[in-house]
$ cat coords.tsv   # TSV, C-alpha atoms
chain	number	residue	atom	x	y	z
A	197	MET	CA	179.03	60.29	161.72
A	198	ALA	CA	179.21	60.36	157.91
A	199	ILE	CA	180.93	56.97	157.79
A	200	SER	CA	178.27	55.37	159.97
A	201	SER	CA	175.58	56.85	157.70
A	202	LEU	CA	177.29	55.38	154.66
A	203	GLN	CA	177.59	52.00	156.38
A	204	LYS	CA	173.86	52.04	157.17
A	205	LEU	CA	173.14	52.98	153.58
A	206	ALA	CA	175.31	50.12	152.32
A	207	SER	CA	173.39	47.63	154.46
A	208	GLN	CA	170.08	48.99	153.14
A	209	ILE	CA	171.30	48.59	149.57
A	210	THR	CA	171.92	44.90	150.09
A	211	LYS	CA	168.39	44.56	151.46
A	212	ASN	CA	166.72	46.80	148.84
A	213	PRO	CA	168.37	46.82	145.38
A	214	SER	CA	166.04	49.56	144.09
A	215	ALA	CA	167.78	52.02	146.41
A	216	ALA	CA	171.08	51.41	144.59
A	217	LEU	CA	170.72	54.25	142.05
A	218	PHE	CA	169.93	56.92	144.62
A	219	SER	CA	172.59	55.70	147.04
A	220	ARG	CA	175.28	55.47	144.35
A	221	ALA	CA	174.69	59.12	143.42
A	222	LEU	CA	174.61	60.11	147.10
A	223	ILE	CA	177.85	58.30	147.88
A	224	THR	CA	179.53	59.78	144.79
A	225	ARG	CA	178.39	63.29	145.76
A	226	SER	CA	179.44	62.77	149.40
A	227	SER	CA	182.90	61.49	148.56
A	228	ALA	CA	183.42	64.15	145.89
A	229	SER	CA	182.59	66.99	148.25
A	230	THR	CA	185.39	66.14	150.71
A	231	SER	CA	188.08	67.82	148.57
A	232	ALA	CA	189.64	70.88	150.21
A	233	LYS	CA	189.80	73.17	147.16
A	234	VAL	CA	187.01	73.95	144.73
A	235	SER	CA	189.55	74.08	141.90
A	236	ASP	CA	190.30	70.40	142.52
A	237	ARG	CA	186.62	69.59	141.95
A	238	LEU	CA	186.18	71.50	138.65
A	239	VAL	CA	185.11	69.40	135.68
A	240	LYS	CA	185.27	71.19	132.32
A	241	LEU	CA	183.21	69.76	129.50
A	242	PHE	CA	181.78	70.90	126.19
A	243	ALA	CA	178.13	71.20	125.22
A	244	VAL	CA	176.73	71.71	121.75
A	245	ASP	CA	173.52	73.73	121.93
A	246	PRO	CA	170.52	73.24	119.57
A	247	ASP	CA	171.96	75.91	117.25
A	248	GLY	CA	175.18	73.90	116.83
A	249	ILE	CA	177.35	76.22	118.91
A	250	LYS	CA	179.96	74.46	121.06
A	251	ARG	CA	180.26	75.98	124.54
A	252	GLN	CA	182.51	75.22	127.45
A	253	VAL	CA	180.61	74.20	130.58
A	254	VAL	CA	182.17	74.05	134.02
A	255	GLY	CA	180.70	71.85	136.71
A	256	LEU	CA	181.81	70.41	140.01
A	257	SER	CA	182.68	66.81	140.71
A	258	GLY	CA	179.65	65.23	142.38
A	259	GLN	CA	177.24	67.61	140.65
A	260	THR	CA	174.85	66.34	138.01
A	261	LEU	CA	175.32	67.14	134.35
A	262	LEU	CA	171.84	68.69	134.42
A	263	LYS	CA	172.90	71.18	137.10
A	264	ALA	CA	176.01	72.19	135.15
A	265	LEU	CA	174.00	72.69	131.94
A	266	THR	CA	171.31	74.63	133.81
A	267	ASN	CA	173.93	76.91	135.38
A	268	GLN	CA	175.27	77.62	131.87
A	269	GLY	CA	171.75	78.47	130.61
A	270	LEU	CA	171.53	75.54	128.17
A	271	ILE	CA	168.57	73.91	129.92
A	272	ASP	CA	165.63	75.79	131.38
A	273	PRO	CA	165.76	75.43	135.18
A	274	ASP	CA	161.96	75.35	135.38
A	275	SER	CA	161.84	72.21	133.23
A	276	HIS	CA	163.38	70.06	135.93
A	277	ARG	CA	163.00	71.32	139.47
A	278	LEU	CA	164.17	68.21	141.30
A	279	GLU	CA	167.32	66.13	140.92
A	280	GLU	CA	165.24	62.96	140.80
A	281	ILE	CA	164.26	60.72	137.93
A	282	ASP	CA	160.55	61.09	138.73
A	283	ALA	CA	160.66	64.78	137.75
A	284	CYS	CA	162.22	64.22	134.32
A	285	SER	CA	160.94	65.91	131.21
A	286	ALA	CA	162.19	65.67	127.65
A	287	GLU	CA	164.43	68.69	128.31
A	288	CYS	CA	166.51	66.62	130.73
A	289	GLU	CA	167.66	64.41	127.84
A	290	VAL	CA	171.17	64.95	126.48
A	291	HIS	CA	173.19	63.14	123.83
A	292	ILE	CA	176.66	62.04	124.85
A	293	ALA	CA	179.54	61.41	122.44
A	294	GLN	CA	180.36	57.70	122.03
A	295	GLU	CA	183.83	57.78	123.59
A	296	TRP	CA	182.39	59.37	126.73
A	297	LEU	CA	179.26	57.24	126.81
A	298	GLU	CA	181.43	54.20	127.45
A	299	LYS	CA	182.97	55.87	130.54
A	300	LEU	CA	179.59	56.32	132.21
A	301	PRO	CA	177.81	53.67	134.24
A	302	PRO	CA	175.07	52.00	132.18
A	303	PRO	CA	171.61	53.56	132.42
A	304	THR	CA	169.26	52.03	134.95
A	305	TYR	CA	165.95	50.48	134.01
A	306	ASP	CA	164.16	53.60	135.31
A	307	GLU	CA	166.32	55.90	133.19
A	308	GLN	CA	165.70	53.78	130.07
A	309	TYR	CA	161.97	53.83	130.81
A	310	VAL	CA	161.89	57.64	131.08
A	311	LEU	CA	163.92	58.01	127.86
A	312	ARG	CA	161.55	55.64	126.03
A	313	ARG	CA	158.52	57.48	127.41
A	314	ASN	CA	159.93	60.84	126.32
A	315	SER	CA	160.87	59.63	122.83
A	316	ARG	CA	157.26	58.63	122.12
A	317	SER	CA	158.45	56.24	119.43
A	318	ARG	CA	159.91	53.31	121.42
A	319	VAL	CA	163.17	53.73	119.46
A	320	MET	CA	165.83	55.22	121.68
A	321	ASN	CA	168.89	57.09	120.51
A	322	LYS	CA	171.81	55.06	121.88
A	323	HIS	CA	173.58	58.30	122.89
A	324	SER	CA	170.64	59.57	124.99
A	325	ARG	CA	171.02	59.90	128.73
A	326	LEU	CA	169.18	61.90	131.37
A	327	GLY	CA	171.26	64.82	132.60
A	328	CYS	CA	169.95	64.35	136.13
A	329	GLN	CA	171.35	60.81	136.22
A	330	VAL	CA	174.89	61.61	135.02
A	331	VAL	CA	177.09	62.56	137.99
A	332	LEU	CA	180.22	64.49	137.05
A	333	THR	CA	183.58	63.01	138.03
A	334	PRO	CA	187.17	64.06	137.24
A	335	GLU	CA	187.32	61.22	134.69
A	336	LEU	CA	184.69	63.05	132.61
A	337	GLN	CA	186.96	66.09	132.09
A	338	GLY	CA	186.56	67.15	128.42
A	339	MET	CA	183.33	65.22	127.83
A	340	VAL	CA	181.24	66.33	124.85
A	341	VAL	CA	177.43	66.43	125.09
A	342	ALA	CA	174.72	67.76	122.82
A	343	VAL	CA	171.58	69.43	124.09
A	344	PRO	CA	168.80	68.49	121.64
A	345	GLU	CA	166.03	70.81	120.52
A	346	PRO	CA	162.92	70.76	122.70
A	347	LYS	CA	160.42	68.23	121.49
A	348	PRO	CA	157.28	69.76	119.89
A	349	TRP	CA	154.97	68.38	122.57
A	350	ASP	CA	157.02	70.07	125.32
A	351	ILE	CA	156.93	73.58	123.84
A	352	PRO	CA	154.13	75.66	125.42
$ encode --input "coords.tsv" --output "structure tokens"
Amino acid sequence: MAISSLQKLASQITKNPSAALFSRALITRSSASTSAKVSDRLVKLFAVDPDGIKRQVVGLSGQTLLKALTNQGLIDPDSHRLEEIDACSAECEVHIAQEWLEKLPPPTYDEQYVLRRNSRSRVMNKHSRLGCQVVLTPELQGMVVAVPEPKPWDIP
């Protein structure tokens, strides 16, 4: 049943390229969740909080970076209730170290648009990504990310 669903999804992608981002994340999450042991799916990374403290963060392969950071308490869960790009706020933005940035798929047009909109200056930090768009994989073991300070216009 799951294979037929993925085949249908693949045929829809060829017909509708805008569905590619969502389907890629879905396929990655589906294939990552087939592992028998949770310990095989653990992805350990490091996050530098706004105070400059480096913390170890543990996530699961197939989970978004945003979810792992939220579980660690580095991002307010109320700032981003959905795992979709349409619900992004400035708190979803993270800065990824250069050597790890190159291991990620390039940001989509929609992700770049949201980052530009949140920066309010049209100049994007080349290390900025949206945590909800970065899907953890075993290849990202040891990745280093920085959680920036909340932007002044997002503080209540």
$ closest_residue --input "coords.tsv" --among "A:Asn314, A:Gln252, A:Gln294, A:Thr266" --to "Lys240 of chain A" --atoms "all atoms listed in the file"
A:Gln252
$ atom_distance --input "coords.tsv" --atom1 "atom CA of Glu289 of chain A" --atom2 "atom CA of Ser324 of chain A"
6.4 Å
$ atom_distance --input "coords.tsv" --atom1 "atom CA of Ser315 of chain A" --atom2 "atom CA of Lys250 of chain A"
24.2 Å
$ atom_distance --input "coords.tsv" --atom1 "atom CA of Gly258 of chain A" --atom2 "atom CA of Asp245 of chain A"
23.0 Å
$ closest_atom_pairs --input "coords.tsv" --of "segment 231-302 of chain A" --to "segment 333-347 of chain A" --cutoff "6 Å" --atoms "all atoms listed in the file" --output "CSV"
residue,atom,partner,partner_atom,distance
A:Val239,CA,A:Gln337,CA,5.2
A:Lys240,CA,A:Gln337,CA,5.4
A:Leu241,CA,A:Gly338,CA,4.4
A:Phe242,CA,A:Val340,CA,4.8
A:Ala243,CA,A:Val341,CA,4.8
A:Val244,CA,A:Ala342,CA,4.6
A:Asp245,CA,A:Val343,CA,5.2
A:Pro246,CA,A:Glu345,CA,5.2
A:Ser257,CA,A:Thr333,CA,4.7
A:Val290,CA,A:Val343,CA,5.1
A:His291,CA,A:Ala342,CA,5.0
A:Ile292,CA,A:Val341,CA,4.5
A:Ala293,CA,A:Val340,CA,5.7
